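Notes for the one structure printed next.
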Amino acid sequence: MKRLLKSCILVALLTLCSGVTFAGNIKGKIATRGVKSPEGVVVYIEKAKGSFKLPQKNPRIDQVNLVFVPRVLPVLVGTTVGFYNSDTVLHNVFGVGDDEFDMGTWKGDKIDTHTFNTVGEVAILCNVHPEMEAYVVVFENPYFGLTDKEGNYVIKNVPPGNYKLKTWHDILRSQTQDIHVSQETTSADFKLKR
Ligand SMILES: [Cu+2]
């Protein structure tokens, strides 16, 4: 009887455990040719199953010393982005590409927002300062990472499976790698050029 109880508990535990999927991380280094820095490359999983939660805090793009900060912002489709102006001069914000909008021109404390409901690439521009440029890149799932100044990226909490891992950059050509994600960390490096 004791033995039966033990095996029942074991079966129950195994069933419970098999229902839980442990996620893994993907990380790597991007080398670039033909641009000043490997910063600002987005590495992302093209297709993943599931329904995804929007971030609790809306990401933001600020305007500081006539520069959009950050210059590249990857988001999950449906995310609302706040647009700020920390400068004392007038700025305008408008978007062109897979989503188009114009927030008008303002200075001071006003915060404007836009919800990105279309997967794709939107260039963020300012009609007061033509040299100002940023990108909001909109993805179907939250499995993306952005490179830092050294070209390092990490994508966290990816469910185990086989995927196509792709790169996005405003100038460099996109590349794809087949990747298998396990419960541990999987490495994937890229060498990108124009
Ligand atoms: Cu401006």
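Please note that chains go A, B, ... in the order of the structure tokens, that every chain numbers its residues from 1, and that ligands are numbered from 1 in the order shown.
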Contacts between ligand 1 and chain A, please, where a residue of chain A counts if it comes within 8 Å (with only C-alpha atoms and all ligand atoms); show its shortest atom pair and distance in Å to one decimal, rows by chain and ascending number, as JSON lines.
{"residue": "A:Gln63", "atom": "CA", "partner": "ligand 1", "partner_atom_place_in_ligand_line": "1 (Cu)", "distance": 7.5}
{"residue": "A:Leu66", "atom": "CA", "partner": "ligand 1", "partner_atom_place_in_ligand_line": "1 (Cu)", "distance": 5.8}
{"residue": "A:Val67", "atom": "CA", "partner": "ligand 1", "partner_atom_place_in_ligand_line": "1 (Cu)", "distance": 7.7}
{"residue": "A:Val89", "atom": "CA", "partner": "ligand 1", "partner_atom_place_in_ligand_line": "1 (Cu)", "distance": 7.8}
{"residue": "A:Leu90", "atom": "CA", "partner": "ligand 1", "partner_atom_place_in_ligand_line": "1 (Cu)", "distance": 6.6}
{"residue": "A:His91", "atom": "CA", "partner": "ligand 1", "partner_atom_place_in_ligand_line": "1 (Cu)", "distance": 3.8}
{"residue": "A:Asn92", "atom": "CA", "partner": "ligand 1", "partner_atom_place_in_ligand_line": "1 (Cu)", "distance": 5.6}
{"residue": "A:Val93", "atom": "CA", "partner": "ligand 1", "partner_atom_place_in_ligand_line": "1 (Cu)", "distance": 7.4}
{"residue": "A:Leu125", "atom": "CA", "partner": "ligand 1", "partner_atom_place_in_ligand_line": "1 (Cu)", "distance": 7.8}
{"residue": "A:Cys126", "atom": "CA", "partner": "ligand 1", "partner_atom_place_in_ligand_line": "1 (Cu)", "distance": 4.7}
{"residue": "A:Asn127", "atom": "CA", "partner": "ligand 1", "partner_atom_place_in_ligand_line": "1 (Cu)", "distance": 6.5}
{"residue": "A:Val128", "atom": "CA", "partner": "ligand 1", "partner_atom_place_in_ligand_line": "1 (Cu)", "distance": 4.8}
{"residue": "A:His129", "atom": "CA", "partner": "ligand 1", "partner_atom_place_in_ligand_line": "1 (Cu)", "distance": 4.4}
{"residue": "A:Pro130", "atom": "CA", "partner": "ligand 1", "partner_atom_place_in_ligand_line": "1 (Cu)", "distance": 7.5}
{"residue": "A:Met132", "atom": "CA", "partner": "ligand 1", "partner_atom_place_in_ligand_line": "1 (Cu)", "distance": 6.3}
- Could you name the residues that touch A:Phe68 at 10 Å or less, counting only C-alpha atoms, but leaving out those on the same chain fewer than 2 positions away, as a VMD selection string? chain A and resid 61 to 66 70 to 72 83 to 85 93 124 to 126 132 to 135
- Item | Distance query stretch 170-185 of chain A at most 7 Å, only C-alpha atoms, self and fewer than 5 positions along chain excluded, as a list in words |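 Result of the neighbour search: Phe22, Ala23, Gly24, Asn25, Ile26, Pro160, Gly161, Asn162, Tyr163, Lys164, Leu165, Leu192, Lys193 and Arg194 of chain A.
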- Members of stretch 64-110 of chain A assigned strand (DSSP E or B) by DSSP, as number ranges by chain: A: 64, 67-69, 72-76, 79-83, 91-97, 101-106
Please dump the current selection as a PDB file, in the first residue's frame; keep N, CA and C atoms.
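New file selection.pdb:
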ATOM      1  N   VAL A  64      17.018  64.743 -26.585  1.00  0.00           N
ATOM      2  CA  VAL A  64      18.033  65.339 -25.722  1.00  0.00           C
ATOM      3  C   VAL A  64      19.159  65.871 -26.603  1.00  0.00           C
ATOM      4  N   VAL A  67      18.912  64.979 -30.249  1.00  0.00           N
ATOM      5  CA  VAL A  67      19.074  63.568 -30.613  1.00  0.00           C
ATOM      6  C   VAL A  67      17.937  62.773 -29.969  1.00  0.00           C
ATOM      7  N   PHE A  68      17.368  61.841 -30.738  1.00  0.00           N
ATOM      8  CA  PHE A  68      16.394  60.917 -30.156  1.00  0.00           C
ATOM      9  C   PHE A  68      17.126  59.880 -29.299  1.00  0.00           C
ATOM     10  N   VAL A  69      16.634  59.644 -28.096  1.00  0.00           N
ATOM     11  CA  VAL A  69      17.234  58.671 -27.172  1.00  0.00           C
ATOM     12  C   VAL A  69      16.146  57.729 -26.657  1.00  0.00           C
ATOM     13  N   VAL A  72      17.247  53.412 -31.379  1.00  0.00           N
ATOM     14  CA  VAL A  72      16.519  52.217 -31.850  1.00  0.00           C
ATOM     15  C   VAL A  72      15.722  51.645 -30.684  1.00  0.00           C
ATOM     16  N   LEU A  73      14.440  51.464 -30.903  1.00  0.00           N
ATOM     17  CA  LEU A  73      13.569  50.920 -29.850  1.00  0.00           C
ATOM     18  C   LEU A  73      12.756  49.760 -30.415  1.00  0.00           C
ATOM     19  N   PRO A  74      13.113  48.510 -30.047  1.00  0.00           N
ATOM     20  CA  PRO A  74      12.290  47.364 -30.451  1.00  0.00           C
ATOM     21  C   PRO A  74      11.121  47.210 -29.477  1.00  0.00           C
ATOM     22  N   VAL A  75       9.928  46.954 -29.993  1.00  0.00           N
ATOM     23  CA  VAL A  75       8.750  46.793 -29.125  1.00  0.00           C
ATOM     24  C   VAL A  75       7.891  45.626 -29.613  1.00  0.00           C
ATOM     25  N   LEU A  76       7.089  45.105 -28.686  1.00  0.00           N
ATOM     26  CA  LEU A  76       6.071  44.117 -29.021  1.00  0.00           C
ATOM     27  C   LEU A  76       4.873  44.852 -29.628  1.00  0.00           C
ATOM     28  N   THR A  79       2.351  47.871 -28.250  1.00  0.00           N
ATOM     29  CA  THR A  79       3.000  48.672 -27.202  1.00  0.00           C
ATOM     30  C   THR A  79       2.785  50.162 -27.446  1.00  0.00           C
ATOM     31  N   THR A  80       2.519  50.886 -26.363  1.00  0.00           N
ATOM     32  CA  THR A  80       2.404  52.350 -26.422  1.00  0.00           C
ATOM     33  C   THR A  80       3.742  52.958 -26.023  1.00  0.00           C
ATOM     34  N   VAL A  81       4.231  53.862 -26.851  1.00  0.00           N
ATOM     35  CA  VAL A  81       5.517  54.516 -26.592  1.00  0.00           C
ATOM     36  C   VAL A  81       5.251  55.978 -26.235  1.00  0.00           C
ATOM     37  N   GLY A  82       5.899  56.454 -25.172  1.00  0.00           N
ATOM     38  CA  GLY A  82       5.799  57.856 -24.792  1.00  0.00           C
ATOM     39  C   GLY A  82       6.904  58.668 -25.449  1.00  0.00           C
ATOM     40  N   PHE A  83       6.534  59.829 -25.990  1.00  0.00           N
ATOM     41  CA  PHE A  83       7.523  60.701 -26.635  1.00  0.00           C
ATOM     42  C   PHE A  83       7.695  61.961 -25.796  1.00  0.00           C
ATOM     43  N   HIS A  91      10.480  70.819 -30.858  1.00  0.00           N
ATOM     44  CA  HIS A  91      10.688  69.630 -31.684  1.00  0.00           C
ATOM     45  C   HIS A  91       9.339  69.188 -32.235  1.00  0.00           C
ATOM     46  N   ASN A  92       9.419  68.502 -33.348  1.00  0.00           N
ATOM     47  CA  ASN A  92       8.237  67.848 -33.891  1.00  0.00           C
ATOM     48  C   ASN A  92       8.544  66.350 -33.890  1.00  0.00           C
ATOM     49  N   VAL A  93       7.519  65.526 -33.820  1.00  0.00           N
ATOM     50  CA  VAL A  93       7.728  64.080 -33.958  1.00  0.00           C
ATOM     51  C   VAL A  93       6.732  63.553 -34.976  1.00  0.00           C
ATOM     52  N   PHE A  94       7.267  62.909 -35.995  1.00  0.00           N
ATOM     53  CA  PHE A  94       6.361  62.191 -36.897  1.00  0.00           C
ATOM     54  C   PHE A  94       6.973  60.853 -37.276  1.00  0.00           C
ATOM     55  N   GLY A  95       6.108  59.913 -37.653  1.00  0.00           N
ATOM     56  CA  GLY A  95       6.550  58.568 -37.993  1.00  0.00           C
ATOM     57  C   GLY A  95       6.224  58.256 -39.446  1.00  0.00           C
ATOM     58  N   VAL A  96       7.167  57.598 -40.120  1.00  0.00           N
ATOM     59  CA  VAL A  96       6.920  57.132 -41.483  1.00  0.00           C
ATOM     60  C   VAL A  96       7.369  55.681 -41.620  1.00  0.00           C
ATOM     61  N   GLY A  97       6.667  54.939 -42.475  1.00  0.00           N
ATOM     62  CA  GLY A  97       7.012  53.534 -42.674  1.00  0.00           C
ATOM     63  C   GLY A  97       5.763  52.687 -42.566  1.00  0.00           C
ATOM     64  N   PHE A 101       2.232  58.667 -38.497  1.00  0.00           N
ATOM     65  CA  PHE A 101       1.543  59.589 -37.586  1.00  0.00           C
ATOM     66  C   PHE A 101       2.346  60.875 -37.497  1.00  0.00           C
ATOM     67  N   ASP A 102       1.675  61.938 -37.014  1.00  0.00           N
ATOM     68  CA  ASP A 102       2.356  63.216 -36.793  1.00  0.00           C
ATOM     69  C   ASP A 102       1.846  63.792 -35.480  1.00  0.00           C
ATOM     70  N   MET A 103       2.748  63.993 -34.547  1.00  0.00           N
ATOM     71  CA  MET A 103       2.362  64.483 -33.220  1.00  0.00           C
ATOM     72  C   MET A 103       2.380  65.992 -33.136  1.00  0.00           C
ATOM     73  N   GLY A 104       2.781  66.640 -34.201  1.00  0.00           N
ATOM     74  CA  GLY A 104       2.873  68.095 -34.161  1.00  0.00           C
ATOM     75  C   GLY A 104       4.162  68.553 -33.522  1.00  0.00           C
ATOM     76  N   THR A 105       4.225  69.848 -33.234  1.00  0.00           N
ATOM     77  CA  THR A 105       5.462  70.463 -32.743  1.00  0.00           C
ATOM     78  C   THR A 105       5.212  70.990 -31.336  1.00  0.00           C
ATOM     79  N   TRP A 106       6.151  70.717 -30.436  1.00  0.00           N
ATOM     80  CA  TRP A 106       5.978  71.211 -29.063  1.00  0.00           C
ATOM     81  C   TRP A 106       7.314  71.348 -28.365  1.00  0.00           C
TER      82      TRP A 106
END
- Have a look at A:Glu140, A:Glu131, A:Asp99, A:Asp189 and name the one nearest to A:Ser51; count only C-alpha atoms.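 Comparing A:Glu140, A:Glu131, A:Asp99, A:Asp189 against A:Ser51, the winner is A:Glu140.
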- Task: State, in Å with one decimal place, the distance from atom CA of A:Ala31 to atom CA of A:Ser187.
- Result: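 Straight-line distance from atom CA of A:Ala31 to atom CA of A:Ser187 works out to 14.1 Å.
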- Task: In Å, rounded to a single decimal, give me how far atom CA of A:Thr186 is from atom CA of A:Thr32.
- Result: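 These atoms are spaced 20.8 Å apart.
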- Message: Let me make sure I understand: among A:Phe52, A:Thr167, A:Thr113, A:Val77, which one has the smallest atom-to-atom distance to A:Asp98 if we use only C-alpha atoms?
- Response: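 Looking at the shortest contact to A:Asp98, the residue is A:Val77.
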